[in-house]
Structures are given as C-alpha cells and as structure tokens.
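**Q** The structure's right below; bear with me while I get my questions together.
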Amino acid sequence: MTTKKEKEFLQSQEVGQNVAYSQKEREEDVLEILYQWYREEHPANSEKLCDSLDLGRREVNGLLRKMAQHGYLEAWEPGEEIKLTAFGKAQGAECLARHQSLTQFLEMVCGVDEKTAEENACRMEHVISKEIVQGFSRFIRYGDVFERSIRNSNLRFLYETGEYRFYMSLYRAGVRYPRILADETEDFESILRLEVGEEASSFWLKKKRSERENILWYCSRSGWKRAEERQGEYRLPTEIFVFSFVPDDPIIEGESVVALTQEDKTLPSESDFREINVHIWQEGNHGTR
C-alpha cells in the first residue's frame with residue numbers, strides 16, 4: 001500500500017522524486033521515529049506509529065515484524081510496546097543524524113525552507129555513505145571544504161551565459177619544476193575568450209601573426225581532434241580541461257594537453273604535445289565580460 005507521503009513524491013514530475021520508497025527506506029524512517037521517541041522517553045506502540053506513518057494497522061504490524069527479524073526490535077506482538085534493541089538504537093541514532101545534517105545543509109547551502117529541506121533530506125539520507133554525512137556535518141560546523149579537481153565540466157555551472165576573458169599560457173609537455181614556456185607561446189594572445197552558452201562552453205585562443213602556421217589539436221574522449229578555427233581563433237571545449245579548486249582561493253586553474261603541428265597530419269605525435277594552462281575566476285571575482 002502506498003502512503004500519503006509516497007503519493008506526494010510519486011505525483012511529482014521532477015526527476016528523482018518519482019521513485020517509490022523501498023523496504024529499506026521504510027525501515028530506516030521507522031527507526032528514526034522510534035529512536036526519537038526513545039530519546040524523548042515516549043512509549044511506542046503500533047497505533048501511535050500508524051498515525052505517524054499514515055499507514056493501516058496491518059501494514060505497520062507487518063513492517064514491525066520484519067524489523068524484529070532484522071534485529072532492530074525486541075520480540076514484539078501486536079498490542080505490546082515497541083522496544084528498540086541496542087543495534088536498533090545505534091542504527092536509529094545514525095538515521096536521525098543523517099536526516100538532521102542533510103536538512104541543515106540543504107537549508108544553509110541551497111536557501112530552501114525547512115519543509116523543502118526535510119522532504120529532500122528524507123529521500124537522500126537513505127542512499128549516501130557515512131563519509132558523505134560526515135562531510136556535510138564538517139561543513140555545517142566549520143565551513144570546511146576540500147581542494148578538488150573537476151573533469152569533463154561545462155562551465156555553465158560557474159558562469160551565466162555570455163563571454164569572459166582570462167589568461168592562458170602554453171608550456172612544454174612533461175617539463176616541471178620549473179615549467180618552461182613553449183616556443184609557440186608567442187604565436188598566441190595571452191588573453192583568451194571564454195564563451196558560455198546554454199548547453200556548452202568553450203575557450204577561444206586568438207593567434208597572432210607568425211611565421212609558423214600552427215594547426216591546433218585537442219584530445220577528447222574519442223581521441224585527437226583538430227580544433228575548429230574561426231576568424232583567427234581556435235576553439236577548445238572546456239570539457240577537455242581539469243579544473244582545480246582550492247579553498248579560499250578565487251582563482252581556478254585549468255590544465256589540458258593540446259598539440260601543435262606545422263603541417264596537416266592524420267594525428268599529432270608526442271613531440272607536438274604542449275600543456276595549456278588557464279586561470280579563471282570564481283563567480284563574483286571573474287574577468288571582464
């Protein structure tokens with residue numbers, strides 16, 4: 001039987017909110033309720049649970065028998081007080097902590113009201129790992145975030161639709177400490193253009209007048225491709241870059257490997273490889289539009 005709570009989610013057309021509750025989710029929700037009552041020293045019985053879950057007595061009794069078999073409840077018969085085992089108390093405490101941490105996180109970060117946060121937390125709490133919950137809790141308490149790298153990313157999540165300008169450098173591939181600029185650096189403008197559309201984003205490198213007639217290549221998931229050239233600019237999809245985010249640093253560093261050839265080849269060779277480095281700014285600190 002589908003509960004009122006389940007019907008509300010099933011009636012929603014939003015992706016992720018139209019999935020029926022599993023048996024595991026039902027049991028964890030009951031554990032959370034029973035643990036709250038245990039902490040508040042409120043006796044628990046099936047009638048009270050029926051009202052809280054908006055379920056019939058038959059459905060609740062069947063659910064409680066299953067939970068007793070799984071070790072969450074002491075031996076139980078209809079009409080008796082429902083008592084959590086030590087294992088049930090430990091699992092109930094974890095379920096409650098998950099729910100509270102997620103609700104607080106969604107309110108704080110997403111700016112939604114408590115009801116919306118509660119509804120979403122109720123679904124999310126059943127599928128995330130303990131490490132994720134601990135990360136939410138750290139963020140709520142201390143504002144801690146971690147250095148991270150993002151791959152295959154459309155920068156639409158960082159910028160509104162439009163054009164932005166940032167800095168770029170070309171380096172010899174595989175040479176570090178120190179890095180050495182590639183000879184072709186002088187063939188391109190140091191300012192590159194970021195174009196953000198509704199569905200995709202790209203960097204455009206502007207070439208200078210040079211004795212070298214460079215052909216620019218980039219490596220996509222399907223292999224090496226020649227960069228599109230348009231009015232003296234080469235297009236590089238942002239998805240080929242690895243972007244590094246550092247806490248409290250407004251600058252995001254992006255890196256990728258490209259290739260520069262002087263003649264039309266089927267594929268570039270290793271000697272043609274160069275590393276391209278871009279520095280972009282996070283929202284509110286970005287370059288000129």
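Naming works like this for the structure tokens: A, B, ... for the chains as they're shown, residue 1 at the start of each chain, ligands 1 onward in shown order.
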Would you list the contacts of range 157-173 of chain A as a PyMOL selection string, taking every protein, DNA or RNA residue within 9 Å and counting only C-alpha atoms, but skipping same-chain residues closer than 5 positions in sequence?
**A** chain A and resi 179-185+189-198+201+205+257+270-283+286-289
**Q** Could you name the residues that touch Ala93 in chain A at 8 Å or less, counting only C-alpha atoms, but leaving out those on the same chain fewer than 3 positions away, as an MDAnalysis selection string?
**A** chainID A and resid 32 35 89:90 96:97
**Q** Of the candidates A:Asp248, A:Arg65, A:Ala121, A:Ser222, which one gets nearest to Gly143 in chain A if we count only C-alpha atoms?
**A** A:Asp248
**Q** Assign secondary structure with DSSP using the backbone only, and return the residues of range 14-247 of chain A in alpha helix (DSSP H) as a PyMOL selection string.
**A** chain A and resi 23-39+46-53+57-69+86-110+114-124+130-142
**Q** Please provide the set of residues having any atom within 8 Å of Ala227 in chain A, restricted to only C-alpha atoms, with same-chain residues fewer than 6 positions apart removed, written as a list of chain:residue names.
**A**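 Counting only C-alpha atoms, the residues come to A:Ile215, A:Leu216, A:Trp217, A:Tyr218, A:Tyr234, A:Arg235, A:Leu236.
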**Q** Write the selection just made, keeping N, CA, C and O atoms, as a PDB file, in the first residue's frame?
**A**
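Listed below is the output, out20.pdb:
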ATOM      1  N   ILE A 215      48.642  24.361 -36.543  1.00  0.00           N
ATOM      2  CA  ILE A 215      47.369  23.635 -36.518  1.00  0.00           C
ATOM      3  C   ILE A 215      47.195  23.135 -35.091  1.00  0.00           C
ATOM      4  O   ILE A 215      48.070  22.451 -34.547  1.00  0.00           O
ATOM      5  N   LEU A 216      46.097  23.497 -34.456  1.00  0.00           N
ATOM      6  CA  LEU A 216      45.872  23.168 -33.053  1.00  0.00           C
ATOM      7  C   LEU A 216      44.977  21.937 -32.933  1.00  0.00           C
ATOM      8  O   LEU A 216      43.951  21.830 -33.617  1.00  0.00           O
ATOM      9  N   TRP A 217      45.392  21.029 -32.053  1.00  0.00           N
ATOM     10  CA  TRP A 217      44.644  19.799 -31.800  1.00  0.00           C
ATOM     11  C   TRP A 217      44.301  19.720 -30.316  1.00  0.00           C
ATOM     12  O   TRP A 217      45.003  20.265 -29.471  1.00  0.00           O
ATOM     13  N   TYR A 218      43.221  19.021 -29.995  1.00  0.00           N
ATOM     14  CA  TYR A 218      42.904  18.716 -28.590  1.00  0.00           C
ATOM     15  C   TYR A 218      42.440  17.265 -28.493  1.00  0.00           C
ATOM     16  O   TYR A 218      41.984  16.679 -29.483  1.00  0.00           O
ATOM     17  N   TYR A 234      40.995  29.766 -32.343  1.00  0.00           N
ATOM     18  CA  TYR A 234      40.824  28.327 -32.239  1.00  0.00           C
ATOM     19  C   TYR A 234      39.906  28.010 -31.053  1.00  0.00           C
ATOM     20  O   TYR A 234      40.052  28.585 -29.977  1.00  0.00           O
ATOM     21  N   ARG A 235      38.988  27.078 -31.257  1.00  0.00           N
ATOM     22  CA  ARG A 235      38.047  26.709 -30.192  1.00  0.00           C
ATOM     23  C   ARG A 235      38.502  25.455 -29.453  1.00  0.00           C
ATOM     24  O   ARG A 235      38.823  24.442 -30.073  1.00  0.00           O
ATOM     25  N   LEU A 236      38.518  25.526 -28.106  1.00  0.00           N
ATOM     26  CA  LEU A 236      38.802  24.373 -27.259  1.00  0.00           C
ATOM     27  C   LEU A 236      37.635  24.168 -26.297  1.00  0.00           C
ATOM     28  O   LEU A 236      37.313  25.062 -25.508  1.00  0.00           O
TER      29      LEU A 236
END
**Q** To one decimal place in Å, what is the distance between CA of Lys208 in chain A and CA of Asn152 in chain A?
**A** 28.8 Å
**Q** Among range 108-287 of chain A, which ones does DSSP place in strand (DSSP E), written as a ChimeraX atom specification?
**A** /A:148-150,162-172,191-196,201-206,215-220,223-226,229-230,233-237,242-245,251-261,273-281
**Q** Between CA of Arg57 in chain A and CA of His99 in chain A, measure the distance and give it in Å to one decimal.
**A**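 CA of His99 in chain A lies at a distance of 25.8 Å from CA of Arg57 in chain A.
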**Q** Compile the contact shell of range 230-233 of chain A as number ranges by chain: residues with an atom at most 7 Å away, counting only C-alpha atoms, same-chain residues fewer than 3 positions apart removed.
**A** A: 204-207
**Q** Would you put the residues from that selection into a file with N, CA, C and O atoms, as a PDB file, in the first residue's frame?
**A**
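Output file result30.pdb follows:
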ATOM      1  N   TRP A 204      38.376  30.258 -26.548  1.00  0.00           N
ATOM      2  CA  TRP A 204      38.823  30.641 -27.888  1.00  0.00           C
ATOM      3  C   TRP A 204      40.189  31.289 -27.777  1.00  0.00           C
ATOM      4  O   TRP A 204      40.356  32.291 -27.093  1.00  0.00           O
ATOM      5  N   LEU A 205      41.184  30.673 -28.434  1.00  0.00           N
ATOM      6  CA  LEU A 205      42.551  31.198 -28.450  1.00  0.00           C
ATOM      7  C   LEU A 205      42.757  32.008 -29.725  1.00  0.00           C
ATOM      8  O   LEU A 205      42.507  31.511 -30.827  1.00  0.00           O
ATOM      9  N   LYS A 206      43.225  33.228 -29.551  1.00  0.00           N
ATOM     10  CA  LYS A 206      43.449  34.086 -30.702  1.00  0.00           C
ATOM     11  C   LYS A 206      44.906  34.007 -31.130  1.00  0.00           C
ATOM     12  O   LYS A 206      45.811  34.193 -30.320  1.00  0.00           O
ATOM     13  N   LYS A 207      45.138  33.737 -32.410  1.00  0.00           N
ATOM     14  CA  LYS A 207      46.509  33.630 -32.894  1.00  0.00           C
ATOM     15  C   LYS A 207      47.015  34.983 -33.386  1.00  0.00           C
ATOM     16  O   LYS A 207      46.256  35.824 -33.878  1.00  0.00           O
TER      17      LYS A 207
END
**Q** For a quick check of understanding, using only C-alpha atoms, which of A:Asp54, A:Glu41, A:Glu147, A:Glu81 has the smallest distance to Ser244 in chain A?
**A** A:Glu147
**Q** Using only C-alpha atoms for the distances, tell me which of A:Arg151, A:Pro178, A:Ala200, A:Glu229 is nearest to Phe241 in chain A.
**A** A:Arg151
